[in-house]
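Working notes for the structure below.
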Amino acid sequence: MLERIQKIMAEIQALQAHNAEEAEALRIKYLSKKGEITALMNDFRTVPAELKKEVGMRINALKAAAQDKINALKEAAVQEQASAPGIDLTRTPYPIPLGTRHPLTIVKNEIVDIFSRLGFTLAEGPEVEDDWHVYSSMNFADDHPARDMQDTFFVEAHPDIILRSHTSSVQARVMESTQPPIRVICPGRVYRNEAISARAHCFFHQVEGLYVDRNVSFTDLKQVLLLFAQEMFGPDTKIRLRPSYFPFTEPSAEMDVSCTICGGKGCSLCKGAGWLEILGCGMVDPAVLEANGIDSSVYTGYAFGMGIERIANLKYQVRDLRMFSENDVRFLDEFVAAN
Ligand code: PHE
């Protein structure tokens, strides 16, 4: 036994390691559960009683020496690595590349932020909807062309269950569950059965707004939309409203903003017109209020709706709508600064 101890002690004193891995291998060789020194300690039982004291002391000394030696080797290996040429531990690390918000999220947040400063609260609803909330409660006649297969995605086996084609369905859900005053902004994804091209997609994103209270007038609508346009596109932005038609608003209008590039002089973006169409709006049709349980002899309201892709295009001139859903990191990286 004493000989074994002596032999291992000699080995320990002569140990060498070139790097931290080698030093670790030595620790395993001598000190791990199956290591040589551990084996010695296990054999200690067999040592005759009169030798136990001496052998015990020597084994303990051997173990301590091994631990010290191997720790010293590890320490030296680390030091050496740190001072090796080519490694500069004081250098600032490479920056970790962070992800960016999606441009549509950036624009949506901006729109929601503007309207929340005007007192609108956020409302959301399901993308898989029933006909009532998307169309019937919104005053679409039974034979209205928008219900047609051309526009609406039906969920098979349920002719009544569809993918919403506008977020007006969220307005319906808010009205049926809340009495005025109502002031909500409803962002979300919508689906329309259209051929995919640079200018159209089978899904896109909308933000709709709804305000219902006593004495809400068209003037209120116009003022809120002017403020929105100037916050979104700059303080010199002008707006113009053109008469239009939606089943759920009367009167209805479409709103243009002065061109975000040329300011109204005429350029390739506005195709010489000086104006860009950005949203639909109008006074909520009394039939819609009634269908959703709101007394139209007491309350009036306005509503508006816009496509987020459209607004994003005007801000960032994205030429192809498909870019928004292809997740090409080179495209998304361009919006790092806008985050
Ligand atoms: N829901 C309309 C659309 O999808 C937009 C709109 C909303 C128009 C509210 C007027 C009022 O095109």
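Chain labels A, B, ... are given in the sequence in which chains occur in the structure tokens; within each chain residues are numbered consecutively from 1, and ligands are likewise numbered from 1 in the order shown.
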Margin query: Neighbouring residues of ligand 1 are defined here as those with any atom at most 9 Å from a ligand atom, counting only C-alpha atoms and all ligand atoms; list them as a PyMOL selection string.
Written below: chain A and resi 165-169+190+206-210+245-249+252-254+279-284+302-307
Store the residues picked out above in a file with C-alpha atoms, as a compact mmCIF listing (two decimals), in the first residue's frame.
# COMPACT_ATOMS: atom_id res chain seq x y z
CA SER A 165 -63.13 39.84 -44.78
CA HIS A 166 -62.99 43.03 -42.72
CA THR A 167 -62.58 43.89 -39.04
CA SER A 168 -66.03 45.50 -38.95
CA SER A 169 -67.00 42.20 -37.32
CA VAL A 190 -58.57 39.85 -42.71
CA GLN A 206 -56.84 46.45 -41.26
CA VAL A 207 -57.46 48.93 -38.52
CA GLU A 208 -61.06 50.01 -38.09
CA GLY A 209 -62.37 52.64 -35.70
CA LEU A 210 -65.84 53.16 -34.23
CA TYR A 245 -70.74 53.68 -50.64
CA PHE A 246 -70.52 51.07 -47.89
CA PRO A 247 -73.51 49.03 -46.70
CA PHE A 248 -72.81 49.89 -43.06
CA THR A 249 -72.33 53.66 -43.29
CA SER A 252 -70.06 57.14 -46.74
CA ALA A 253 -66.80 58.62 -47.96
CA GLU A 254 -63.36 57.71 -49.08
CA LEU A 279 -59.32 54.86 -46.05
CA GLY A 280 -63.09 54.40 -46.09
CA CYS A 281 -65.38 56.04 -43.55
CA GLY A 282 -68.85 57.30 -42.82
CA MET A 283 -71.66 57.71 -40.31
CA VAL A 284 -72.79 54.35 -38.93
CA TYR A 302 -68.98 57.22 -37.15
CA ALA A 303 -66.70 54.45 -38.40
CA PHE A 304 -63.61 54.26 -40.53
CA GLY A 305 -61.35 51.51 -41.82
CA MET A 306 -57.94 51.38 -43.43
CA GLY A 307 -55.48 48.79 -44.71
Next item on the list: If you run DSSP over the backbone, which residues in stretch 51-105 of chain A end up alpha helix (DSSP H)? Put them as a PyMOL selection string.
Entry: chain A and resi 51-83+103-105
Next item on the list: Write out as a VMD selection string which residues come within 10 Å of A:Ala198 when counting only C-alpha atoms, dropping same-chain ones fewer than 3 positions away.
Entry: chain A and resid 195 201 318 to 323
Note to self: According to DSSP computed on the backbone, where in stretch 82-268 of chain A is there strand (DSSP E)? Give the residues as a PyMOL selection string.
What the structure shows: chain A and resi 121-122+128-130+154-155+158-163+182-191+203-213+239-246+249-258
Margin query: Quick one: residues within 12 Å of A:Asp68, only C-alpha atoms, excluding same-chain residues fewer than 6 positions away - as a PyMOL selection string?
Written below: chain A and resi 12-13+15+23+27+31+61-62+74-75
Atoms to include: C-alpha atoms. Write the selected residues as an mmCIF file, in the first residue's frame.
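Generated output (part_9.cif):
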data_model
loop_
_atom_site.group_PDB
_atom_site.id
_atom_site.type_symbol
_atom_site.label_atom_id
_atom_site.label_comp_id
_atom_site.auth_asym_id
_atom_site.auth_seq_id
_atom_site.Cartn_x
_atom_site.Cartn_y
_atom_site.Cartn_z
ATOM 1 C CA ILE A 12 1.548 13.541 -9.375
ATOM 2 C CA GLN A 13 4.626 15.661 -8.850
ATOM 3 C CA LEU A 15 2.268 15.833 -13.992
ATOM 4 C CA ALA A 23 -5.720 18.989 -16.800
ATOM 5 C CA ARG A 27 -8.387 15.034 -12.508
ATOM 6 C CA LEU A 31 -9.585 12.015 -8.369
ATOM 7 C CA ALA A 61 -1.558 14.017 1.913
ATOM 8 C CA LEU A 62 -1.542 12.395 -1.545
ATOM 9 C CA LYS A 74 -5.709 24.233 -14.765
ATOM 10 C CA GLU A 75 -4.965 27.744 -13.607
#
Check: A:Lys69, A:His158, A:Arg183, A:His102: which is nearest A:Gly119, counting only C-alpha atoms?
Finding: A:Arg183
Next item on the list: Find the residues near stretch 5-7 of chain A: any atom within 10 Å, counting only C-alpha atoms, skip ones fewer than 2 places away on the same chain, and give them as a list of chain:residue names.
Entry: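 The residues satisfying every condition are A:Met1, A:Leu2, A:Glu3, A:Met9, A:Ala10, A:Glu11, A:Ile12, A:Glu36, A:Ile37, A:Leu40, A:Val55, A:Arg58, A:Ile59, A:Ala61, A:Leu62, A:Lys63.
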Notebook entry, point to check: Quick one: of A:Arg117, A:Arg192, A:Lys222, A:His133, who's nearest to A:Thr152, counting only C-alpha atoms?
Noted result: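 For A:Thr152, the nearest of the candidates is A:Arg192.
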Next item on the list: One decimal, Å: what's the distance from atom CA of A:Ala17 over to atom CA of A:Val78, could you say?
Entry: 11.2 Å
Margin query: Please compute the atom CA of A:Leu163-atom CA of A:Ile196 distance, one decimal, in Å.
Written below: 16.9 Å
